[in-house]
>>> print(open('structure36.txt').read())   # compact mmCIF, C-alpha atoms
# COMPACT_ATOMS: atom_id res chain seq x y z
CA MET A 26 -65.77 339.42 -13.89
CA ASN A 27 -65.83 338.99 -10.14
CA SER A 28 -63.74 336.22 -8.66
CA VAL A 29 -65.16 334.09 -5.87
CA ALA A 30 -62.68 333.02 -3.19
CA LYS A 31 -63.22 329.36 -2.32
CA GLY A 32 -59.60 328.39 -1.77
CA ARG A 33 -58.12 326.02 0.77
CA ALA A 34 -58.12 327.53 4.23
CA GLY A 35 -54.66 328.75 5.09
CA ASP A 36 -53.52 328.84 1.47
CA GLN A 37 -51.05 331.69 1.17
CA ASN A 38 -52.68 332.72 -2.10
CA GLN A 39 -55.89 333.44 -0.18
CA ARG A 40 -54.23 335.72 2.37
CA SER A 41 -53.81 339.48 1.97
CA MET A 42 -55.46 339.27 -1.44
CA ALA A 43 -58.60 341.34 -0.91
CA ARG A 44 -59.06 343.52 -3.96
CA ALA A 45 -61.76 345.55 -5.62
CA GLY A 46 -64.12 343.28 -7.54
CA GLN A 47 -63.30 340.16 -5.52
CA THR A 48 -66.21 338.21 -4.03
CA ILE A 49 -65.98 335.87 -1.05
CA GLU A 50 -68.84 333.64 0.05
CA HIS A 51 -69.98 331.83 3.16
CA PRO A 52 -72.22 328.92 2.10
CA THR A 53 -73.64 328.20 5.56
CA LEU A 54 -74.58 331.79 6.36
CA GLY A 55 -75.76 332.38 2.79
CA VAL A 56 -73.66 335.55 2.63
CA ASN A 57 -71.57 336.86 -0.27
CA ILE A 58 -69.30 339.89 0.14
CA ARG A 59 -68.05 341.72 -2.95
CA PHE A 60 -65.26 344.18 -2.22
CA ILE A 61 -65.80 347.53 -3.97
CA LYS A 62 -62.91 349.38 -2.31
CA THR A 63 -60.31 347.80 -0.04
CA HIS A 64 -57.52 349.20 2.13
CA ARG A 65 -55.51 349.63 -1.08
CA GLU A 66 -57.97 352.06 -2.68
CA THR A 67 -58.67 354.01 0.53
CA ASP A 68 -55.12 354.43 1.86
CA GLY A 69 -56.06 352.16 4.75
CA ILE A 70 -58.87 354.31 6.18
CA GLY A 71 -61.82 352.15 5.15
CA TRP A 72 -63.56 349.79 2.80
CA GLU A 73 -66.70 349.55 0.71
CA ALA A 74 -68.43 346.28 -0.02
CA GLU A 75 -71.70 344.84 -1.26
CA TYR A 76 -73.35 342.14 0.83
CA THR A 77 -75.80 339.70 -0.74
CA ILE A 78 -77.71 337.55 1.74
CA ALA A 79 -79.97 334.65 0.81
CA PRO A 80 -83.59 334.53 2.08
CA GLY A 81 -83.77 333.75 5.78
CA LYS A 82 -79.98 333.77 6.18
CA GLY A 83 -77.21 335.78 7.83
CA ARG A 84 -78.41 335.82 11.44
CA GLN A 85 -75.49 333.93 13.03
CA TYR A 86 -73.06 336.86 13.28
CA THR A 87 -71.67 337.40 16.78
CA PRO A 88 -72.32 340.70 18.64
CA HIS A 89 -69.17 342.77 18.30
CA THR A 90 -67.81 346.28 18.76
CA HIS A 91 -65.52 348.29 16.48
CA LEU A 92 -63.10 350.26 18.62
CA ARG A 93 -61.94 352.88 16.12
CA SER A 94 -64.20 352.66 13.08
CA ASP A 95 -67.76 353.58 12.18
CA GLU A 96 -69.85 351.33 9.97
CA TRP A 97 -72.84 351.90 7.70
CA PHE A 98 -75.18 349.59 5.81
CA ARG A 99 -77.53 350.92 3.12
CA VAL A 100 -80.35 348.59 2.13
CA ILE A 101 -80.40 348.33 -1.65
CA LYS A 102 -82.91 345.50 -2.01
CA GLY A 103 -85.11 343.55 0.41
CA GLN A 104 -85.73 343.92 4.13
CA CYS A 105 -83.58 343.11 7.13
CA LYS A 106 -83.30 343.08 10.88
CA TYR A 107 -80.25 344.16 12.82
CA TRP A 108 -79.13 344.28 16.47
CA LEU A 109 -77.82 347.51 17.95
CA ASN A 110 -76.89 347.96 21.59
CA GLY A 111 -79.25 345.25 22.81
CA LYS A 112 -82.28 346.02 20.63
CA ILE A 113 -83.48 344.55 17.33
CA TYR A 114 -84.65 346.90 14.57
CA LYS A 115 -85.99 346.53 11.03
CA ALA A 116 -84.80 348.30 7.89
CA TYR A 117 -86.16 348.48 4.36
CA ALA A 118 -84.91 349.31 0.87
CA GLY A 119 -83.52 352.85 0.90
CA ASP A 120 -82.81 352.88 4.65
CA GLU A 121 -79.34 353.49 6.07
CA ILE A 122 -78.12 351.74 9.22
CA TYR A 123 -75.38 353.37 11.29
CA PHE A 124 -73.14 351.47 13.73
CA PRO A 125 -70.90 353.99 15.54
CA ALA A 126 -67.58 353.00 17.05
CA ASN A 127 -67.73 351.51 20.56
CA ILE A 128 -71.40 350.50 20.25
CA PRO A 129 -72.09 346.72 20.12
CA HIS A 130 -74.00 345.48 17.10
CA ILE A 131 -74.83 342.55 14.84
CA HIS A 132 -74.83 343.02 11.08
CA PRO A 133 -78.18 343.02 9.27
CA TRP A 134 -79.70 339.65 8.44
CA ASN A 135 -82.40 338.59 5.99
CA TYR A 136 -85.68 337.55 7.59
CA CYS A 137 -87.69 337.61 4.35
CA ASP A 138 -88.19 335.27 1.39
CA ILE A 139 -86.36 337.45 -1.14
CA GLN A 140 -82.66 338.22 -1.54
CA LEU A 141 -81.20 341.01 0.59
CA VAL A 142 -78.59 343.34 -0.92
CA LEU A 143 -76.68 345.85 1.23
CA HIS A 144 -73.98 348.43 0.59
CA ASN A 145 -71.46 348.41 3.45
CA THR A 146 -68.94 351.12 4.39
CA ILE A 147 -66.38 351.05 7.19
CA LEU A 148 -64.31 354.16 7.99
CA ILE A 149 -61.66 354.82 10.62
CA ASN A 150 -63.21 357.61 12.68
CA ASN A 151 -59.97 359.48 13.36
CA THR A 152 -57.95 359.75 10.17
CA GLU A 153 -55.39 361.94 11.92
CA LYS A 154 -54.30 358.84 13.84
CA LYS A 155 -54.13 356.24 11.13
CA HIS A 156 -54.06 352.55 11.93
CA PRO A 157 -53.01 351.18 8.54
CA GLU A 158 -53.31 347.54 9.57
CA GLU A 159 -56.90 347.75 10.79
CA ILE A 160 -58.80 347.50 7.51
CA ARG A 161 -56.36 345.00 6.00
CA LYS A 162 -56.70 342.76 9.05
CA LEU A 163 -60.49 342.95 8.86
CA GLU A 164 -60.34 341.92 5.21
CA GLU A 165 -58.07 339.00 6.09
CA TYR A 166 -60.39 338.01 8.96
CA TYR A 167 -63.35 337.65 6.59
CA GLU A 168 -61.30 335.94 3.90
CA ASN A 169 -59.97 333.35 6.34
CA TRP A 170 -63.33 332.74 8.03
CA PHE A 171 -65.22 332.40 4.73
CA SER A 172 -62.48 330.16 3.34
CA LEU A 173 -62.80 327.85 6.35
CA ALA A 174 -66.56 327.75 5.78
CA CYS A 175 -66.13 326.84 2.11
CA CYS A 176 -63.96 323.91 3.22
CA GLY A 177 -66.53 322.75 5.77
CA LYS A 178 -64.17 323.51 8.68
CA VAL A 179 -66.55 325.58 10.81
CA ARG A 180 -69.39 324.76 13.19
CA LYS A 181 -72.78 323.73 11.85
CA ASP A 182 -74.07 327.25 12.41
CA GLY A 183 -71.29 328.65 10.23
CA MET A 184 -69.27 330.24 13.03
CA PRO A 185 -65.61 329.34 13.59
CA LYS A 186 -64.81 326.68 16.17
CA LEU A 187 -63.45 327.78 19.55
CA LEU A 188 -59.73 327.61 18.77
CA GLN A 189 -60.30 328.97 15.26
CA SER A 190 -62.19 331.92 16.76
CA ALA A 191 -59.38 332.58 19.20
CA VAL A 192 -56.77 332.66 16.43
CA LEU A 193 -58.90 334.86 14.17
CA LEU A 194 -60.01 337.25 16.91
CA ARG A 195 -56.46 337.80 18.20
CA THR A 196 -55.48 339.16 14.78
CA ILE A 197 -58.09 341.95 15.07
CA ARG A 198 -58.03 342.47 18.86
CA LYS A 199 -56.88 346.10 18.59
CA HIS A 200 -59.76 346.89 16.28
CA VAL A 201 -62.76 344.66 17.09
CA VAL A 202 -63.86 342.91 20.30
CA MET A 203 -66.74 340.61 21.20
CA ALA A 204 -69.61 342.49 22.79
CA LYS A 205 -70.95 339.99 25.32
CA LEU A 206 -67.69 339.14 27.08
CA PRO A 207 -65.72 341.70 29.12
CA VAL A 208 -62.65 342.87 27.22
CA LEU A 209 -60.39 342.16 30.20
CA LEU A 210 -61.64 338.57 30.28
CA GLN A 211 -61.09 338.27 26.53
CA ASP A 212 -57.51 339.43 27.02
CA ILE A 213 -57.00 336.76 29.68
CA ILE A 214 -58.52 333.73 27.96
CA MET A 215 -57.92 334.40 24.27
CA PRO A 216 -54.08 334.38 24.09
CA PRO A 217 -53.66 330.82 25.44
CA LEU A 218 -56.56 329.60 23.29
CA ALA A 219 -55.03 331.28 20.22
CA LEU A 220 -51.67 329.68 21.00
CA ALA A 221 -53.33 326.27 21.29
CA GLY A 222 -55.09 326.90 17.98
CA ARG A 223 -51.84 327.79 16.22
CA LEU A 224 -50.19 324.67 17.63
CA LYS A 225 -53.05 322.65 16.10
CA GLY A 226 -52.36 324.30 12.75
CA TYR A 227 -55.17 326.87 12.63
>>> encode(input="structure36.txt", output="structure tokens")
Amino acid sequence: MNSVAKGRAGDQNQRSMARAGQTIEHPTLGVNIRFIKTHRETDGIGWEAEYTIAPGKGRQYTPHTHLRSDEWFRVIKGQCKYWLNGKIYKAYAGDEIYFPANIPHIHPWNYCDIQLVLHNTILINNTEKKHPEEIRKLEEYYENWFSLACCGKVRKDGMPKLLQSAVLLRTIRKHVVMAKLPVLLQDIIMPPLALAGRLKGY
């Protein structure tokens, strides 16, 4: 049976616990993620997960860029839209969506009135230069964000608050960056915001 992570944000039992079969949910976005393979099963080079997105939900993801990993979504059920390098596309059951490293994108969202189910794969694109923390940190990022959402500690649109975002984004800075803000500017403004967030207990 799959477990659903709804624990208290910041609870040590919720950190570093991503495992195959575990499901985390974001009630505001209407998104569930079930881990199929985590960094443990892939020797740190990737993950596999199943996304389930409620009708009309999932659009609020922020444009972002993976620096060293490629990402795929295969549409198992339903229809979706996604944003890739400034353009919006549609995909249907059976289609595969490819997000290469260093190309900004937004994950698929459900614009229809039926449930959307997606198979997601992330792979480090240069396994000769392993970055063992990358996938684990991505797993922790989602666990912490979704846990905050389950506790009602995010914005009304489901995204983390400013200082929360700074703390979370600093943990994955070497791997993922925001797409609509120059990286140099992110490196200037995020560290002091992250420090302020940690001082507030985030």
>>> residues_around(input="structure36.txt", residues="A:Lys102", least_positions_apart="2", cutoff="8 Å", atoms="all atoms listed in the file", output="CSV table (one decimal) with C-alpha atoms, in the frame of the given file")
chain,number,residue,atom,x,y,z
A,100,VAL,CA,-80.4,348.6,2.1
A,104,GLN,CA,-85.7,343.9,4.1
A,117,TYR,CA,-86.2,348.5,4.4
A,118,ALA,CA,-84.9,349.3,0.9
A,119,GLY,CA,-83.5,352.8,0.9
A,140,GLN,CA,-82.7,338.2,-1.5
A,141,LEU,CA,-81.2,341.0,0.6
A,142,VAL,CA,-78.6,343.3,-0.9
A,143,LEU,CA,-76.7,345.8,1.2
>>> closest_residue(input="structure36.txt", among="A:Phe124, A:Trp134, A:Phe60, A:Tyr167", to="A:Arg84", atoms="only C-alpha atoms")
A:Trp134
>>> residues_near_point(input="structure36.txt", point="(-71.8, 355.1, 4.3)", cutoff="8 Å", atoms="only C-alpha atoms", output="mmCIF file with C-alpha atoms, in the frame of the given file")
data_model
loop_
_atom_site.group_PDB
_atom_site.id
_atom_site.type_symbol
_atom_site.label_atom_id
_atom_site.label_comp_id
_atom_site.auth_asym_id
_atom_site.auth_seq_id
_atom_site.Cartn_x
_atom_site.Cartn_y
_atom_site.Cartn_z
ATOM 1 C CA GLU A 96 -69.850 351.330 9.970
ATOM 2 C CA TRP A 97 -72.840 351.900 7.700
ATOM 3 C CA PHE A 98 -75.180 349.590 5.810
ATOM 4 C CA ARG A 99 -77.530 350.920 3.120
ATOM 5 C CA GLU A 121 -79.340 353.490 6.070
ATOM 6 C CA HIS A 144 -73.980 348.430 0.590
ATOM 7 C CA ASN A 145 -71.460 348.410 3.450
ATOM 8 C CA THR A 146 -68.940 351.120 4.390
ATOM 9 C CA ILE A 147 -66.380 351.050 7.190
#
>>> closest_residue(input="structure36.txt", among="A:Ile78, A:Met215, A:Leu148, A:Leu187", to="A:Tyr136", atoms="only C-alpha atoms")
A:Ile78
>>> closest_residue(input="structure36.txt", among="A:Ala174, A:Ala204, A:Glu164, A:Pro185", to="A:Gly69", atoms="all atoms listed in the file")
A:Glu164
>>> atom_distance(input="structure36.txt", atom1="atom CA of A:Val179", atom2="atom CA of A:Thr53")
9.2 Å
>>> axis_aligned_box(input="structure36.txt", around="stretch 46-58 of chain A", padding_each_side="5 Å", output="AutoDock Vina command-line options")
--center_x -69.5 --center_y 335.7 --center_z -0.6 --size_x 22.5 --size_y 25.1 --size_z 23.9
>>> closest_residue(input="structure36.txt", among="A:Ala116, A:Ala74, A:Ile160, A:Ala43", to="A:His200", atoms="only C-alpha atoms")
A:Ile160
>>> closest_residue(input="structure36.txt", among="A:His132, A:Lys106, A:Arg161, A:His91", to="A:Arg65", atoms="only C-alpha atoms")
A:Arg161
>>> residues_near_point(input="structure36.txt", point="(-73.7, 334.2, 0.2)", cutoff="12 Å", atoms="all atoms listed in the file", output="VMD selection string")
chain A and resid 29 to 31 48 to 59 75 to 83 134 to 135 140 to 142 171 174 to 175 183
>>> residues_around(input="structure36.txt", residues="A:Val192", least_positions_apart="4", cutoff="7 Å", atoms="only C-alpha atoms", output="list of chain:residue names")
A:Leu188, A:Thr196, A:Ala219, A:Gly222, A:Arg223
>>> atom_distance(input="structure36.txt", atom1="atom CA of A:Ala191", atom2="atom CA of A:Leu210")
12.8 Å
>>> residues_around(input="structure36.txt", residues="A:Pro88", least_positions_apart="3", cutoff="12 Å", atoms="only C-alpha atoms", output="count of residues only")
24
>>> atom_distance(input="structure36.txt", atom1="atom CA of A:Gly103", atom2="atom CA of A:Arg44")
26.4 Å
>>> residues_around(input="structure36.txt", residues="A:Ile61", least_positions_apart="2", cutoff="6 Å", atoms="all atoms listed in the file", output="number ranges by chain")
A: 45-46, 73-74
